>>> print(open('input.txt').read())   # compact mmCIF, C-alpha atoms
# COMPACT_ATOMS: atom_id res chain seq x y z
CA MET A 1 27.35 44.50 67.82
CA LEU A 2 23.74 43.93 66.80
CA LEU A 3 24.44 45.81 63.59
CA SER A 4 27.35 43.49 62.73
CA ILE A 5 25.21 40.39 63.47
CA SER A 6 22.46 41.80 61.27
CA GLU A 7 24.91 42.52 58.44
CA SER A 8 26.48 39.05 58.63
CA TRP A 9 22.99 37.49 58.68
CA GLN A 10 22.03 39.41 55.55
CA SER A 11 25.18 38.28 53.76
CA MET A 12 24.57 34.55 54.41
CA LEU A 13 23.22 32.13 51.84
CA LEU A 14 19.70 30.80 52.43
CA ILE A 15 21.01 27.28 53.16
CA GLU A 16 23.39 28.69 55.77
CA LYS A 17 20.53 30.60 57.45
CA ILE A 18 18.51 27.36 57.55
CA TYR A 19 21.41 25.51 59.17
CA TRP A 20 21.79 28.24 61.82
CA CYS A 21 18.05 28.17 62.52
CA ILE A 22 18.28 24.42 63.09
CA ALA A 23 21.59 24.32 65.00
CA ILE A 24 20.94 26.95 67.68
CA PRO A 25 17.54 25.84 69.08
CA PHE A 26 18.35 22.12 68.87
CA SER A 27 21.70 22.70 70.58
CA ILE A 28 19.92 24.43 73.45
CA ILE A 29 17.42 21.56 73.73
CA PHE A 30 20.28 19.03 73.54
CA ILE A 31 22.16 20.74 76.38
CA ILE A 32 19.00 20.85 78.50
CA GLN A 33 18.40 17.12 77.85
CA ILE A 34 21.97 16.25 78.85
CA PHE A 35 21.69 18.35 82.01
CA LEU A 36 18.36 16.80 83.00
CA THR A 37 19.55 13.27 82.29
CA PHE A 38 22.79 13.46 84.24
CA PHE A 39 22.03 15.91 87.04
CA VAL A 40 18.28 15.78 87.68
CA GLY A 41 17.63 12.16 86.70
CA VAL A 42 14.53 12.66 84.56
CA ASP A 43 14.91 9.16 83.11
CA SER A 44 14.58 7.44 86.50
CA MET A 45 11.02 6.74 87.54
CA GLU A 46 9.58 4.93 90.53
CA ALA A 47 7.19 2.05 90.11
CA ASP A 48 4.78 0.66 92.67
CA GLY A 49 4.11 -3.02 92.99
CA ASP A 50 5.55 -6.32 94.16
CA SER A 51 9.28 -6.32 93.52
CA ASP A 52 9.53 -10.10 93.97
CA VAL A 53 7.33 -10.86 90.98
CA SER A 54 9.34 -12.31 88.11
CA VAL A 55 9.19 -10.86 84.61
CA ASP A 56 10.27 -13.75 82.42
CA GLY A 57 10.30 -11.94 79.09
CA ASP A 58 12.30 -8.87 80.14
CA SER A 59 15.49 -8.76 78.09
CA GLY A 60 16.39 -5.08 78.49
CA ILE A 61 15.83 -2.15 76.19
CA ASP A 62 15.35 -2.83 72.48
CA PHE A 63 17.39 -0.92 69.91
CA GLN A 64 15.41 2.32 69.51
CA PHE A 65 16.63 4.41 66.59
CA ILE A 66 13.87 7.01 66.42
CA THR A 67 13.36 8.63 69.81
CA LEU A 68 13.00 12.24 70.88
CA LYS A 69 16.56 12.36 72.23
CA ASN A 70 17.95 10.84 69.05
CA LEU A 71 16.04 13.29 66.85
CA VAL A 72 17.31 16.24 68.89
CA ALA A 73 20.87 14.87 68.53
CA PHE A 74 20.32 14.40 64.78
CA PHE A 75 19.24 18.00 64.19
CA THR A 76 21.99 19.36 66.46
CA ILE A 77 24.75 17.53 64.57
CA PHE A 78 23.01 18.10 61.23
CA GLY A 79 22.94 21.87 61.83
CA TRP A 80 26.51 22.27 63.03
CA THR A 81 27.94 19.96 60.34
CA GLY A 82 26.05 21.91 57.68
CA ILE A 83 27.39 25.21 59.02
CA ALA A 84 30.92 23.77 58.99
CA CYS A 85 30.53 22.44 55.44
CA ILE A 86 29.15 25.73 54.07
CA GLY A 87 31.81 27.66 55.98
CA GLY A 88 34.43 25.36 54.46
CA GLY A 89 33.28 26.29 50.95
CA LEU A 90 31.41 23.11 49.99
CA GLU A 91 28.40 23.28 47.70
CA ALA A 92 24.93 23.19 49.26
CA GLY A 93 24.05 19.71 47.93
CA ILE A 94 27.24 18.14 49.25
CA ALA A 95 26.77 19.95 52.59
CA VAL A 96 23.25 18.52 52.93
CA VAL A 97 24.46 14.98 52.20
CA ILE A 98 27.39 15.21 54.63
CA SER A 99 25.30 16.79 57.40
CA THR A 100 22.55 14.19 56.96
CA ILE A 101 25.09 11.35 57.20
CA ALA A 102 26.63 12.96 60.31
CA GLY A 103 23.18 13.33 61.92
CA LEU A 104 22.25 9.71 61.16
CA PHE A 105 25.59 8.56 62.55
CA MET A 106 24.88 10.48 65.77
CA MET A 107 21.41 8.90 66.03
CA ALA A 108 22.90 5.44 65.57
CA LEU A 109 25.61 6.17 68.12
CA MET A 110 23.13 7.37 70.75
CA ALA A 111 20.75 4.46 70.11
CA SER A 112 23.67 2.02 70.42
CA ILE A 113 24.83 3.57 73.69
CA VAL A 114 21.34 3.30 75.22
CA TYR A 115 20.92 -0.25 73.88
CA PHE A 116 24.24 -1.53 75.24
CA MET A 117 23.76 0.26 78.57
CA GLY A 118 20.42 -1.53 78.86
CA LYS A 119 22.16 -4.86 78.29
CA LEU A 120 24.59 -4.13 81.15
CA THR A 121 21.86 -4.17 83.76
CA ASP A 122 21.03 -7.22 85.81
CA SER A 123 17.34 -7.75 86.38
CA GLY A 124 17.85 -8.58 90.04
CA THR A 125 14.64 -10.61 89.93
CA LEU A 126 14.65 -13.54 92.30
CA ASN A 127 14.15 -16.78 90.39
CA LEU A 128 12.65 -19.20 92.91
CA LYS A 129 13.39 -22.19 90.68
CA ASN A 130 17.02 -21.73 91.72
CA ALA A 131 15.97 -22.70 95.26
CA ILE A 132 14.86 -26.26 94.40
CA GLY A 133 17.17 -28.76 96.08
CA LYS A 134 18.83 -26.14 98.29
CA GLY A 135 18.97 -26.37 102.05
CA GLY A 136 18.07 -23.71 104.57
CA THR A 137 16.86 -22.99 108.09
CA VAL A 138 13.31 -22.49 109.35
CA TYR A 139 12.90 -18.88 110.48
CA LEU A 140 9.23 -19.01 111.53
CA THR A 141 7.53 -22.33 112.34
CA ILE A 142 5.91 -23.98 109.31
CA PRO A 143 2.45 -25.54 110.03
CA ALA A 144 1.85 -29.18 109.01
CA ASN A 145 0.07 -30.37 105.86
CA ARG A 146 0.17 -27.04 104.01
CA SER A 147 -2.22 -25.56 106.57
CA GLY A 148 -0.38 -22.25 106.77
CA LEU A 149 2.74 -20.31 105.92
CA GLY A 150 6.02 -20.22 107.73
CA LYS A 151 9.29 -18.62 106.73
CA VAL A 152 12.67 -20.06 105.85
CA GLN A 153 16.06 -18.52 105.34
CA ILE A 154 17.81 -19.90 102.32
CA LYS A 155 20.80 -18.90 100.25
CA VAL A 156 19.53 -18.40 96.72
CA GLN A 157 20.82 -15.35 94.83
CA GLY A 158 21.96 -14.14 98.25
CA LEU A 159 20.44 -14.87 101.64
CA GLN A 160 16.64 -14.68 101.40
CA THR A 161 13.79 -15.04 103.88
CA LEU A 162 10.91 -16.61 101.97
CA ASP A 163 7.42 -18.00 102.58
CA ALA A 164 7.27 -21.76 102.93
CA MET A 165 4.81 -24.64 103.40
CA THR A 166 5.34 -28.32 104.05
CA ASP A 167 3.65 -31.65 103.34
CA ASN A 168 4.98 -33.09 106.64
CA GLU A 169 2.46 -34.53 109.12
CA ALA A 170 4.01 -32.43 111.92
CA GLU A 171 4.95 -28.76 111.95
CA ILE A 172 8.58 -27.86 111.34
CA LYS A 173 9.95 -25.81 114.24
CA THR A 174 12.13 -22.71 114.09
CA GLY A 175 15.80 -23.58 113.65
CA SER A 176 15.16 -26.88 111.83
CA ILE A 177 17.20 -27.67 108.73
CA ILE A 178 15.07 -28.07 105.61
CA GLN A 179 15.43 -28.71 101.90
CA VAL A 180 13.28 -27.18 99.15
CA SER A 181 11.43 -29.81 97.14
CA GLU A 182 9.20 -27.68 94.87
CA ILE A 183 7.74 -24.24 94.25
CA LEU A 184 4.01 -23.52 94.64
CA ASN A 185 2.46 -20.83 92.41
CA ASN A 186 5.93 -19.46 91.66
CA GLU A 187 6.04 -17.77 95.08
CA ILE A 188 5.90 -20.28 97.96
CA LEU A 189 8.56 -22.88 98.74
CA ILE A 190 7.48 -26.41 99.58
CA VAL A 191 10.04 -27.78 102.01
CA LYS A 192 10.83 -31.01 103.86
CA LEU A 193 12.98 -31.82 106.87
CA THR A 194 16.44 -33.11 106.09
CA LYS A 195 17.44 -36.30 107.88
>>> encode(input="input.txt", output="structure tokens")
Amino acid sequence: MLLSISESWQSMLLIEKIYWCIAIPFSIIFIIQIFLTFFVGVDSMEADGDSDVSVDGDSGIDFQFITLKNLVAFFTIFGWTGIACIGGGLEAGIAVVISTIAGLFMMALMASIVYFMGKLTDSGTLNLKNAIGKGGTVYLTIPANRSGLGKVQIKVQGLQTLDAMTDNEAEIKTGSIIQVSEILNNEILIVKLTK
């Protein structure tokens, strides 16, 4: 068997040998990347920090044409398309053009998939400005005159328990009905009693 592989290798054109030398290693790398992405989850990473902090400028993933994954996909498709073209009897120049176009198409396809998948995600970031004017219930007593923090439960992007202060002269007791009047430092609700 090794003898027949050696003989067929010797009988190949130089361009065909180049295509095989590109197709095999990049195909192996491509398969490993796919396996790691779907089964091991290499792309998912944990981040430490405050998850309630808003990132106003986050609009998802930009269109990234030249990435490691896209280059591996390019050379994989480039190699196999070139082998198919040479095997089909096309001239070397035409095979190079067709395989390059096929590789670029694959790069564009993969970049588009990642881009549009990034657009499908919802940031999940709580926007406290949505709470202004909404009513809720005091969960932990709120001290008077912004002298300390209490907690309120309010329905904004789902039921939330958030820090709150008040400008009232008297503290607002647990169970009282309140309304959000403003946001302090983009993290604390300023509330007032509803009549």
>>> closest_residue(input="input.txt", among="A:Ala95, A:Ile113, A:Leu149, A:Ile22", to="A:Thr76", atoms="all atoms listed in the file")
A:Ile22
>>> atom_distance(input="input.txt", atom1="atom CA of A:Lys17", atom2="atom CA of A:Ile77")
15.5 Å
>>> residues_around(input="input.txt", residues="A:Ile188", least_positions_apart="2", cutoff="8 Å", atoms="all atoms listed in the file", output="ChimeraX atom specification")
/A:162-165,183-186,190
>>> write_last_selection(input="input.txt", atoms="C-alpha atoms", output="CSV table (one decimal), in the frame of the given file")
chain,number,residue,atom,x,y,z
A,162,LEU,CA,10.9,-16.6,102.0
A,163,ASP,CA,7.4,-18.0,102.6
A,164,ALA,CA,7.3,-21.8,102.9
A,165,MET,CA,4.8,-24.6,103.4
A,183,ILE,CA,7.7,-24.2,94.2
A,184,LEU,CA,4.0,-23.5,94.6
A,185,ASN,CA,2.5,-20.8,92.4
A,186,ASN,CA,5.9,-19.5,91.7
A,190,ILE,CA,7.5,-26.4,99.6
>>> atom_distance(input="input.txt", atom1="atom CA of A:Gly135", atom2="atom CA of A:Leu189")
11.5 Å
>>> residues_around(input="input.txt", residues="A:Ile32", least_positions_apart="5", cutoff="12 Å", atoms="all atoms listed in the file", output="PyMOL selection string")
chain A and resi 25-27+37-40+42+69+72-73
>>> atom_distance(input="input.txt", atom1="atom CA of A:Phe74", atom2="atom CA of A:Leu36")
18.5 Å
>>> closest_residue(input="input.txt", among="A:Val156, A:Val191, A:Lys119, A:Met107", to="A:Ala144", atoms="all atoms listed in the file")
A:Val191
>>> residues_around(input="input.txt", residues="A:Gln153", least_positions_apart="4", cutoff="8 Å", atoms="only C-alpha atoms", output="PyMOL selection string")
chain A and resi 136-139+159-162
>>> write_last_selection(input="input.txt", atoms="C-alpha atoms", output="mmCIF file, keeping the file's coordinate frame")
data_model
loop_
_atom_site.group_PDB
_atom_site.id
_atom_site.type_symbol
_atom_site.label_atom_id
_atom_site.label_comp_id
_atom_site.auth_asym_id
_atom_site.auth_seq_id
_atom_site.Cartn_x
_atom_site.Cartn_y
_atom_site.Cartn_z
ATOM 1 C CA GLY A 136 18.070 -23.710 104.570
ATOM 2 C CA THR A 137 16.860 -22.990 108.090
ATOM 3 C CA VAL A 138 13.310 -22.490 109.350
ATOM 4 C CA TYR A 139 12.900 -18.880 110.480
ATOM 5 C CA LEU A 159 20.440 -14.870 101.640
ATOM 6 C CA GLN A 160 16.640 -14.680 101.400
ATOM 7 C CA THR A 161 13.790 -15.040 103.880
ATOM 8 C CA LEU A 162 10.910 -16.610 101.970
#
>>> closest_residue(input="input.txt", among="A:Phe105, A:Trp9, A:Phe116, A:Phe35", to="A:Asn70", atoms="only C-alpha atoms")
A:Phe105
>>> closest_residue(input="input.txt", among="A:Val96, A:Cys21, A:Leu71, A:Ile142", to="A:Leu109", atoms="all atoms listed in the file")
A:Leu71
>>> residues_around(input="input.txt", residues="A:Ala131", least_positions_apart="3", cutoff="7 Å", atoms="all atoms listed in the file", output="PyMOL selection string")
chain A and resi 128+134+156+180
>>> build_atoms(input="input.txt", residues="stretch 160-188 of chain A", atoms="N, CA and C atoms", output="mmCIF file, in the coordinates of the input")
data_model
loop_
_atom_site.group_PDB
_atom_site.id
_atom_site.type_symbol
_atom_site.label_atom_id
_atom_site.label_comp_id
_atom_site.auth_asym_id
_atom_site.auth_seq_id
_atom_site.Cartn_x
_atom_site.Cartn_y
_atom_site.Cartn_z
ATOM 1 N N GLN A 160 18.034 -15.129 101.537
ATOM 2 C CA GLN A 160 16.640 -14.680 101.400
ATOM 3 C C GLN A 160 15.806 -15.266 102.528
ATOM 4 N N THR A 161 14.811 -14.527 102.958
ATOM 5 C CA THR A 161 13.790 -15.040 103.880
ATOM 6 C C THR A 161 12.503 -15.127 103.066
ATOM 7 N N LEU A 162 12.029 -16.368 102.882
ATOM 8 C CA LEU A 162 10.910 -16.610 101.970
ATOM 9 C C LEU A 162 9.796 -17.398 102.646
ATOM 10 N N ASP A 163 8.579 -17.242 102.100
ATOM 11 C CA ASP A 163 7.420 -18.000 102.580
ATOM 12 C C ASP A 163 7.594 -19.466 102.236
ATOM 13 N N ALA A 164 7.129 -20.321 103.158
ATOM 14 C CA ALA A 164 7.270 -21.760 102.930
ATOM 15 C C ALA A 164 6.085 -22.515 103.518
ATOM 16 N N MET A 165 5.819 -23.686 102.924
ATOM 17 C CA MET A 165 4.810 -24.640 103.400
ATOM 18 C C MET A 165 5.467 -26.013 103.398
ATOM 19 N N THR A 166 4.806 -26.959 104.046
ATOM 20 C CA THR A 166 5.340 -28.320 104.050
ATOM 21 C C THR A 166 4.210 -29.333 103.907
ATOM 22 N N ASP A 167 4.579 -30.518 103.421
ATOM 23 C CA ASP A 167 3.650 -31.650 103.340
ATOM 24 C C ASP A 167 3.818 -32.573 104.543
ATOM 25 N N ASN A 168 4.742 -32.249 105.454
ATOM 26 C CA ASN A 168 4.980 -33.090 106.640
ATOM 27 C C ASN A 168 3.714 -33.184 107.488
ATOM 28 N N GLU A 169 3.594 -34.318 108.223
ATOM 29 C CA GLU A 169 2.460 -34.530 109.120
ATOM 30 C C GLU A 169 2.580 -33.667 110.376
ATOM 31 N N ALA A 170 3.793 -33.269 110.726
ATOM 32 C CA ALA A 170 4.010 -32.430 111.920
ATOM 33 C C ALA A 170 4.610 -31.104 111.471
ATOM 34 N N GLU A 171 4.376 -30.063 112.283
ATOM 35 C CA GLU A 171 4.950 -28.760 111.950
ATOM 36 C C GLU A 171 6.480 -28.817 112.037
ATOM 37 N N ILE A 172 7.119 -27.932 111.311
ATOM 38 C CA ILE A 172 8.580 -27.860 111.340
ATOM 39 C C ILE A 172 8.937 -26.630 112.173
ATOM 40 N N LYS A 173 9.653 -26.856 113.257
ATOM 41 C CA LYS A 173 9.950 -25.810 114.240
ATOM 42 C C LYS A 173 11.070 -24.881 113.755
ATOM 43 N N THR A 174 11.082 -23.696 114.343
ATOM 44 C CA THR A 174 12.130 -22.710 114.090
ATOM 45 C C THR A 174 13.495 -23.313 114.384
ATOM 46 N N GLY A 175 14.438 -23.073 113.487
ATOM 47 C CA GLY A 175 15.800 -23.580 113.650
ATOM 48 C C GLY A 175 16.053 -24.909 112.969
ATOM 49 N N SER A 176 15.001 -25.593 112.504
ATOM 50 C CA SER A 176 15.160 -26.880 111.830
ATOM 51 C C SER A 176 15.812 -26.682 110.460
ATOM 52 N N ILE A 177 16.550 -27.699 110.046
ATOM 53 C CA ILE A 177 17.200 -27.670 108.730
ATOM 54 C C ILE A 177 16.244 -28.307 107.725
ATOM 55 N N ILE A 178 16.025 -27.594 106.623
ATOM 56 C CA ILE A 178 15.070 -28.070 105.610
ATOM 57 C C ILE A 178 15.738 -28.095 104.238
ATOM 58 N N GLN A 179 15.014 -28.715 103.298
ATOM 59 C CA GLN A 179 15.430 -28.710 101.900
ATOM 60 C C GLN A 179 14.202 -28.394 101.056
ATOM 61 N N VAL A 180 14.386 -27.569 100.020
ATOM 62 C CA VAL A 180 13.280 -27.180 99.150
ATOM 63 C C VAL A 180 13.026 -28.298 98.150
ATOM 64 N N SER A 181 11.759 -28.733 98.065
ATOM 65 C CA SER A 181 11.430 -29.810 97.140
ATOM 66 C C SER A 181 10.690 -29.320 95.899
ATOM 67 N N GLU A 182 9.902 -28.239 96.032
ATOM 68 C CA GLU A 182 9.200 -27.680 94.870
ATOM 69 C C GLU A 182 8.774 -26.250 95.154
ATOM 70 N N ILE A 183 8.213 -25.613 94.139
ATOM 71 C CA ILE A 183 7.740 -24.240 94.250
ATOM 72 C C ILE A 183 6.236 -24.254 93.962
ATOM 73 N N LEU A 184 5.458 -23.590 94.806
ATOM 74 C CA LEU A 184 4.010 -23.520 94.640
ATOM 75 C C LEU A 184 3.642 -22.128 94.117
ATOM 76 N N ASN A 185 2.926 -22.093 93.014
ATOM 77 C CA ASN A 185 2.460 -20.830 92.410
ATOM 78 C C ASN A 185 3.579 -19.823 92.168
ATOM 79 N N ASN A 186 4.764 -20.297 91.960
ATOM 80 C CA ASN A 186 5.930 -19.460 91.660
ATOM 81 C C ASN A 186 6.222 -18.429 92.759
ATOM 82 N N GLU A 187 5.765 -18.717 94.015
ATOM 83 C CA GLU A 187 6.040 -17.770 95.080
ATOM 84 C C GLU A 187 6.202 -18.391 96.467
ATOM 85 N N ILE A 188 5.799 -19.641 96.651
ATOM 86 C CA ILE A 188 5.900 -20.280 97.960
ATOM 87 C C ILE A 188 6.752 -21.543 97.832
#
